[in-house]
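Quick look at protein-v5.cif (mmCIF, C-alpha atoms):
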data_start
loop_
_atom_site.group_PDB
_atom_site.id
_atom_site.type_symbol
_atom_site.label_atom_id
_atom_site.label_comp_id
_atom_site.auth_asym_id
_atom_site.auth_seq_id
_atom_site.Cartn_x
_atom_site.Cartn_y
_atom_site.Cartn_z
ATOM 1 C CA MET A 1470 -53.046 -37.452 -167.520
ATOM 2 C CA ALA A 1471 -49.578 -36.960 -166.061
ATOM 3 C CA ARG A 1472 -48.711 -38.540 -162.748
ATOM 4 C CA THR A 1473 -47.594 -36.371 -159.886
ATOM 5 C CA ASN A 1474 -45.161 -37.178 -157.119
ATOM 6 C CA SER A 1475 -48.049 -37.723 -154.703
ATOM 7 C CA GLU A 1476 -49.578 -40.340 -157.044
ATOM 8 C CA ASP A 1477 -46.189 -42.110 -157.274
ATOM 9 C CA LEU A 1478 -46.011 -42.194 -153.483
ATOM 10 C CA LEU A 1479 -49.531 -43.613 -153.279
ATOM 11 C CA ASP A 1480 -48.666 -46.370 -155.766
ATOM 12 C CA ASP A 1481 -45.520 -47.173 -153.768
ATOM 13 C CA ASP A 1482 -47.530 -47.294 -150.539
ATOM 14 C CA LEU A 1483 -49.996 -49.700 -152.142
ATOM 15 C CA ALA A 1484 -47.203 -51.916 -153.412
ATOM 16 C CA ALA A 1485 -45.579 -51.849 -149.975
ATOM 17 C CA ALA A 1486 -48.723 -53.209 -148.389
ATOM 18 C CA PHE A 1487 -48.353 -56.427 -150.395
ATOM 19 C CA LEU A 1488 -44.607 -56.944 -150.027
ATOM 20 C CA SER A 1489 -42.816 -58.735 -147.220
ATOM 21 C CA GLU A 1490 -40.887 -56.660 -144.699
ATOM 22 C CA ASP A 1491 -37.548 -57.360 -146.434
ATOM 23 C CA GLU A 1492 -38.939 -56.503 -149.863
ATOM 24 C CA ASN A 1493 -40.576 -53.405 -148.346
ATOM 25 C CA ALA A 1494 -37.282 -51.893 -147.283
ATOM 26 C CA ALA A 1495 -35.875 -52.115 -150.799
ATOM 27 C CA ALA A 1496 -39.012 -51.260 -152.799
ATOM 28 C CA VAL A 1497 -40.335 -48.171 -151.019
ATOM 29 C CA PRO A 1498 -38.126 -45.103 -151.253
ATOM 30 C CA GLU A 1499 -37.839 -42.891 -148.214
ATOM 31 C CA VAL A 1500 -39.896 -39.733 -148.330
ATOM 32 C CA THR A 1501 -37.347 -36.998 -148.439
ATOM 33 C CA GLU A 1502 -37.777 -33.668 -146.753
ATOM 34 C CA LYS A 1503 -38.054 -32.032 -150.193
ATOM 35 C CA VAL A 1504 -40.920 -34.344 -151.279
ATOM 36 C CA ALA A 1505 -42.723 -33.752 -147.995
ATOM 37 C CA GLN A 1506 -42.371 -30.000 -148.439
ATOM 38 C CA GLU A 1507 -43.689 -30.198 -152.046
ATOM 39 C CA LEU A 1508 -46.734 -32.154 -150.868
ATOM 40 C CA THR A 1509 -47.398 -29.649 -148.091
ATOM 41 C CA GLU A 1510 -47.160 -26.735 -150.541
ATOM 42 C CA GLU A 1511 -49.493 -28.512 -152.997
ATOM 43 C CA ILE A 1512 -52.102 -29.068 -150.284
ATOM 44 C CA ASN A 1513 -51.819 -25.507 -148.954
ATOM 45 C CA ASN A 1514 -52.204 -23.944 -152.412
ATOM 46 C CA GLU A 1515 -55.567 -25.629 -153.043
ATOM 47 C CA PRO A 1516 -58.549 -23.661 -151.681
ATOM 48 C CA ALA A 1517 -60.558 -25.430 -149.025
ATOM 49 C CA ALA A 1518 -63.999 -26.579 -150.136
ATOM 50 C CA GLU A 1519 -65.541 -24.477 -147.351
ATOM 51 C CA ASP A 1520 -63.866 -21.333 -148.675
ATOM 52 C CA GLU A 1521 -65.170 -21.957 -152.201
ATOM 53 C CA TRP A 1522 -68.771 -22.242 -150.981
ATOM 54 C CA ALA A 1523 -68.559 -19.417 -148.459
ATOM 55 C CA ASN A 1524 -68.228 -16.822 -151.208
ATOM 56 C CA ASP A 1525 -71.155 -18.145 -153.258
ATOM 57 C CA THR A 1526 -73.910 -18.517 -150.645
ATOM 58 C CA ASP A 1527 -76.104 -15.871 -152.281
ATOM 59 C CA ASP A 1528 -76.055 -17.743 -155.597
ATOM 60 C CA PHE A 1529 -77.788 -20.898 -154.320
ATOM 61 C CA PRO A 1530 -81.241 -21.039 -152.772
ATOM 62 C CA GLY A 1531 -81.616 -23.078 -149.603
ATOM 63 C CA GLN A 1532 -82.491 -26.745 -149.883
ATOM 64 C CA LEU A 1533 -85.722 -28.230 -148.623
ATOM 65 C CA ALA A 1534 -85.546 -31.566 -146.775
ATOM 66 C CA VAL A 1535 -88.098 -34.115 -147.990
ATOM 67 C CA ASP A 1536 -89.348 -37.633 -147.302
ATOM 68 C CA VAL A 1537 -90.544 -39.686 -150.291
ATOM 69 C CA TYR A 1538 -92.357 -43.005 -149.886
ATOM 70 C CA GLU A 1539 -94.956 -45.103 -151.626
ATOM 71 C CA THR A 1540 -97.955 -47.212 -150.776
ATOM 72 C CA ALA A 1541 -99.620 -49.805 -153.000
ATOM 73 C CA ASP A 1542 -101.268 -47.159 -155.209
ATOM 74 C CA LYS A 1543 -99.805 -43.774 -154.163
ATOM 75 C CA LEU A 1544 -96.504 -41.904 -154.009
ATOM 76 C CA VAL A 1545 -96.179 -39.446 -151.129
ATOM 77 C CA VAL A 1546 -93.750 -36.539 -150.739
ATOM 78 C CA LYS A 1547 -93.570 -34.745 -147.383
ATOM 79 C CA ALA A 1548 -91.580 -31.606 -146.624
ATOM 80 C CA ARG A 1549 -91.207 -29.591 -143.427
ATOM 81 C CA THR A 1550 -92.320 -26.092 -144.304
ATOM 82 C CA ALA A 1551 -92.876 -24.532 -140.879
ATOM 83 C CA GLY A 1552 -93.386 -20.791 -141.051
ATOM 84 C CA ILE A 1553 -94.245 -20.731 -144.758
ATOM 85 C CA SER A 1554 -97.667 -19.671 -145.937
ATOM 86 C CA LYS A 1555 -99.451 -21.260 -148.900
ATOM 87 C CA SER A 1556 -99.017 -18.076 -150.901
ATOM 88 C CA ASP A 1557 -95.204 -18.311 -150.530
ATOM 89 C CA LEU A 1558 -95.055 -21.878 -151.912
ATOM 90 C CA ASP A 1559 -94.886 -22.997 -155.537
ATOM 91 C CA VAL A 1560 -95.340 -26.675 -156.379
ATOM 92 C CA SER A 1561 -95.167 -28.008 -159.942
ATOM 93 C CA ILE A 1562 -94.554 -31.254 -161.812
ATOM 94 C CA ALA A 1563 -93.351 -31.899 -165.350
ATOM 95 C CA ASP A 1564 -91.925 -35.087 -166.861
ATOM 96 C CA ASN A 1565 -92.064 -36.866 -163.485
ATOM 97 C CA ILE A 1566 -89.896 -34.177 -161.828
ATOM 98 C CA LEU A 1567 -91.442 -32.444 -158.825
ATOM 99 C CA THR A 1568 -90.328 -28.895 -158.019
ATOM 100 C CA ILE A 1569 -91.081 -27.262 -154.675
ATOM 101 C CA SER A 1570 -89.897 -23.695 -154.200
ATOM 102 C CA GLY A 1571 -90.767 -20.667 -152.168
ATOM 103 C CA VAL A 1572 -89.646 -17.928 -149.842
ATOM 104 C CA LEU A 1573 -89.247 -18.100 -146.086
ATOM 105 C CA SER A 1574 -89.505 -14.554 -144.835
ATOM 106 C CA GLY A 1575 -89.390 -13.139 -141.341
ATOM 107 C CA GLY A 1576 -85.734 -13.349 -140.389
ATOM 108 C CA GLU A 1577 -84.845 -9.756 -141.143
ATOM 109 C CA ASP A 1578 -85.429 -6.955 -138.680
ATOM 110 C CA GLU A 1579 -84.320 -3.496 -139.810
ATOM 111 C CA GLN A 1580 -83.524 -2.465 -136.237
ATOM 112 C CA THR A 1581 -81.036 -5.296 -135.649
ATOM 113 C CA THR A 1582 -77.646 -3.897 -134.694
ATOM 114 C CA ARG A 1583 -75.775 -7.150 -134.028
ATOM 115 C CA TRP A 1584 -76.521 -10.858 -134.444
ATOM 116 C CA HIS A 1585 -75.481 -13.178 -131.611
ATOM 117 C CA ILE A 1586 -76.704 -16.448 -133.162
ATOM 118 C CA GLN A 1587 -78.215 -16.897 -136.619
ATOM 119 C CA GLU A 1588 -79.023 -20.526 -137.385
ATOM 120 C CA CYS A 1589 -82.366 -20.231 -139.147
ATOM 121 C CA TYR A 1590 -82.457 -20.029 -142.931
ATOM 122 C CA TRP A 1591 -84.430 -17.103 -144.342
ATOM 123 C CA GLY A 1592 -84.927 -16.493 -148.025
ATOM 124 C CA GLU A 1593 -85.548 -18.473 -151.177
ATOM 125 C CA PHE A 1594 -85.477 -22.251 -151.228
ATOM 126 C CA SER A 1595 -85.949 -24.794 -153.957
ATOM 127 C CA ARG A 1596 -85.962 -28.549 -154.384
ATOM 128 C CA MET A 1597 -86.288 -30.631 -157.547
ATOM 129 C CA ILE A 1598 -87.009 -34.331 -157.106
ATOM 130 C CA ALA A 1599 -86.971 -36.963 -159.831
ATOM 131 C CA LEU A 1600 -89.835 -39.151 -158.670
ATOM 132 C CA PRO A 1601 -88.839 -42.828 -158.324
ATOM 133 C CA VAL A 1602 -92.010 -44.189 -159.969
ATOM 134 C CA GLN A 1603 -94.263 -42.974 -162.772
ATOM 135 C CA VAL A 1604 -97.174 -40.914 -161.421
ATOM 136 C CA ARG A 1605 -100.273 -39.427 -162.979
ATOM 137 C CA GLU A 1606 -99.724 -35.702 -163.415
ATOM 138 C CA ASP A 1607 -103.306 -34.546 -164.058
ATOM 139 C CA GLU A 1608 -104.932 -32.233 -161.482
ATOM 140 C CA ASN A 1609 -107.432 -34.872 -160.348
ATOM 141 C CA SER A 1610 -104.645 -37.350 -159.461
ATOM 142 C CA VAL A 1611 -102.484 -35.042 -157.340
ATOM 143 C CA LYS A 1612 -103.318 -33.667 -153.906
ATOM 144 C CA ALA A 1613 -101.231 -31.075 -152.034
ATOM 145 C CA GLU A 1614 -101.968 -30.138 -148.433
ATOM 146 C CA LEU A 1615 -100.200 -27.776 -146.033
ATOM 147 C CA LYS A 1616 -101.024 -28.613 -142.435
ATOM 148 C CA ASP A 1617 -99.132 -27.912 -139.207
ATOM 149 C CA GLY A 1618 -95.975 -26.877 -141.073
ATOM 150 C CA VAL A 1619 -95.832 -30.018 -143.226
ATOM 151 C CA LEU A 1620 -96.457 -29.968 -146.975
ATOM 152 C CA THR A 1621 -97.815 -33.334 -148.124
ATOM 153 C CA ILE A 1622 -98.123 -34.059 -151.832
ATOM 154 C CA THR A 1623 -99.867 -37.295 -152.797
ATOM 155 C CA PHE A 1624 -99.744 -38.698 -156.324
ATOM 156 C CA GLU A 1625 -101.633 -41.604 -157.842
ATOM 157 C CA LYS A 1626 -99.122 -44.037 -159.290
ATOM 158 C CA GLU A 1627 -99.336 -44.766 -163.005
ATOM 159 C CA LYS A 1628 -100.506 -48.286 -163.695
ATOM 160 C CA VAL A 1629 -97.577 -50.076 -165.313
ATOM 161 C CA GLU A 1630 -98.185 -53.296 -167.180
ATOM 162 C CA ALA A 1631 -96.004 -56.234 -166.272
ATOM 163 C CA PRO A 1632 -93.330 -56.989 -168.853
ATOM 164 C CA LYS A 1633 -94.505 -59.402 -171.518
ATOM 165 C CA LYS A 1634 -92.389 -62.379 -172.405
ATOM 166 C CA ILE A 1635 -91.280 -62.444 -176.023
ATOM 167 C CA ALA A 1636 -90.642 -65.847 -177.473
ATOM 168 C CA ILE A 1637 -87.403 -66.237 -179.378
ATOM 169 C CA GLN A 1638 -87.748 -68.269 -182.555
#

Turn the structure described in the file into structure tokens.
Amino acid sequence: MARTNSEDLLDDDLAAAFLSEDENAAAVPEVTEKVAQELTEEINNEPAAEDEWANDTDDFPGQLAVDVYETADKLVVKARTAGISKSDLDVSIADNILTISGVLSGGEDEQTTRWHIQECYWGEFSRMIALPVQVREDENSVKAELKDGVLTITFEKEKVEAPKKIAIQ
């Protein structure tokens, strides 16, 4: 990978931090007006991260915030799902990866002529979580409950044998 002027300046700045004041004056070249202008142009030509995402908002479903914790024999996943009915939720597990997805409807009103504030997310959402411990995935070992706007999924943890010591001969 080729080095750019900005990388050279960074290296010089790092070197300057470890040199004495006298050595500093000789070792670090002055930033000329031309170099400063080139750096400014380079920064201004790169699109802002916000601009990149602003155009693609319809391509990504909303994210669902979750809490994941464990007890001695269970793993629990909780998600705030206020305003979502059971029929609009889909919960599945495969290979120790939990997927929660659904649709939050109700934010659209055909008679709306102008929005003043729109902070609530309406539409599809999805969340995939690699569970931190092995859990039993059979129907009898998993319990999902939607109560007071909170989805709680409880898994029985898989019994894992302690590692066995292998004698070296």

Evaluated on this file, the PyMOL selection byres ((chain A and resi 1618-1621) around 9) picks out some residues - which ones are they, written as a PDB file with C-alpha atoms, keeping the file's coordinate frame?
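Once written, expr.pdb looks like this:
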ATOM      1  CA  VAL A1545     -96.179 -39.446-151.129  1.00  0.00           C
ATOM      2  CA  VAL A1546     -93.750 -36.539-150.739  1.00  0.00           C
ATOM      3  CA  LYS A1547     -93.570 -34.745-147.383  1.00  0.00           C
ATOM      4  CA  ALA A1548     -91.580 -31.606-146.624  1.00  0.00           C
ATOM      5  CA  ARG A1549     -91.207 -29.591-143.427  1.00  0.00           C
ATOM      6  CA  THR A1550     -92.320 -26.092-144.304  1.00  0.00           C
ATOM      7  CA  ALA A1551     -92.876 -24.532-140.879  1.00  0.00           C
ATOM      8  CA  GLY A1552     -93.386 -20.791-141.051  1.00  0.00           C
ATOM      9  CA  ILE A1553     -94.245 -20.731-144.758  1.00  0.00           C
ATOM     10  CA  SER A1554     -97.667 -19.671-145.937  1.00  0.00           C
ATOM     11  CA  LYS A1612    -103.318 -33.667-153.906  1.00  0.00           C
ATOM     12  CA  ALA A1613    -101.231 -31.075-152.034  1.00  0.00           C
ATOM     13  CA  GLU A1614    -101.968 -30.138-148.433  1.00  0.00           C
ATOM     14  CA  LEU A1615    -100.200 -27.776-146.033  1.00  0.00           C
ATOM     15  CA  LYS A1616    -101.024 -28.613-142.435  1.00  0.00           C
ATOM     16  CA  ASP A1617     -99.132 -27.912-139.207  1.00  0.00           C
ATOM     17  CA  ILE A1622     -98.123 -34.059-151.832  1.00  0.00           C
ATOM     18  CA  THR A1623     -99.867 -37.295-152.797  1.00  0.00           C
TER      19      THR A1623
END

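Nearest residue to Glu1593 in chain A among A:Lys1634, A:Leu1573, A:Asp1578, A:Leu1544 is A:Leu1573, counting all atoms listed in the file.
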
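As for CA of Leu1600 in chain A and CA of Ser1574 in chain A, they are spaced 28.2 Å apart.
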
Would you list the residues near (-103.0, -30.3, -159.5), meaning any protein, DNA or RNA residue with an atom at most 10 Å from that point in file coordinates, counting all atoms listed in the file, as a compact mmCIF listing (two decimals) with C-alpha atoms, in the coordinates of the input?
# COMPACT_ATOMS: atom_id res chain seq x y z
CA VAL A 1560 -95.34 -26.68 -156.38
CA SER A 1561 -95.17 -28.01 -159.94
CA ILE A 1562 -94.55 -31.25 -161.81
CA GLU A 1606 -99.72 -35.70 -163.42
CA ASP A 1607 -103.31 -34.55 -164.06
CA GLU A 1608 -104.93 -32.23 -161.48
CA ASN A 1609 -107.43 -34.87 -160.35
CA SER A 1610 -104.64 -37.35 -159.46
CA VAL A 1611 -102.48 -35.04 -157.34
CA LYS A 1612 -103.32 -33.67 -153.91
CA ALA A 1613 -101.23 -31.08 -152.03
CA ILE A 1622 -98.12 -34.06 -151.83
CA PHE A 1624 -99.74 -38.70 -156.32

Can you work out which one of A:Trp1591, A:Val1604, A:Thr1581, A:Ser1570 has the shortest atom-to-atom distance to Lys1555 in chain A, counting all atoms listed in the file?
A:Ser1570

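Between CA of Leu1567 in chain A and CA of Ala1534 in chain A there is a distance of 13.4 Å.
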
Got a sec: who's within 9 Å of Asp1542 in chain A, counting all atoms listed in the file, leaving out chain neighbours fewer than 6 positions off, as a PyMOL selection string?
chain A and resi 1624-1628

Nearest to Ile1598 in chain A among A:Ile1586, A:Val1537, A:Ile1566, A:Asp1557, with distances taken over all atoms listed in the file: which residue is it?
A:Ile1566

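If you measure from each of A:Glu1579, A:Asp1564, A:Pro1632, A:Gln1587 to Ala1599 in chain A using only C-alpha atoms, the closest one turns out to be A:Asp1564.
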
By how many Å are CA of Leu1558 in chain A and CA of Gly1571 in chain A apart?
4.5 Å

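Shortest separation to Arg1596 in chain A among A:Val1629, A:Ala1636, A:Ile1569, A:Ala1541 occurs at residue A:Ile1569, atoms counted being all atoms listed in the file.
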
For this structure, which residues satisfy the selection - the PyMOL selection byres ((chain A and resi 1533) around 7) - when it is evaluated on the file as given? I want them as an NGL selection string.
:A and (1531-1532 or 1534-1535 or 1594-1596)

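In terms of minimum interatomic distance to Tyr1590 in chain A, A:Val1572 ranks closest within A:Glu1630, A:Val1572, A:Ile1637, A:Tyr1538, counting all atoms listed in the file.
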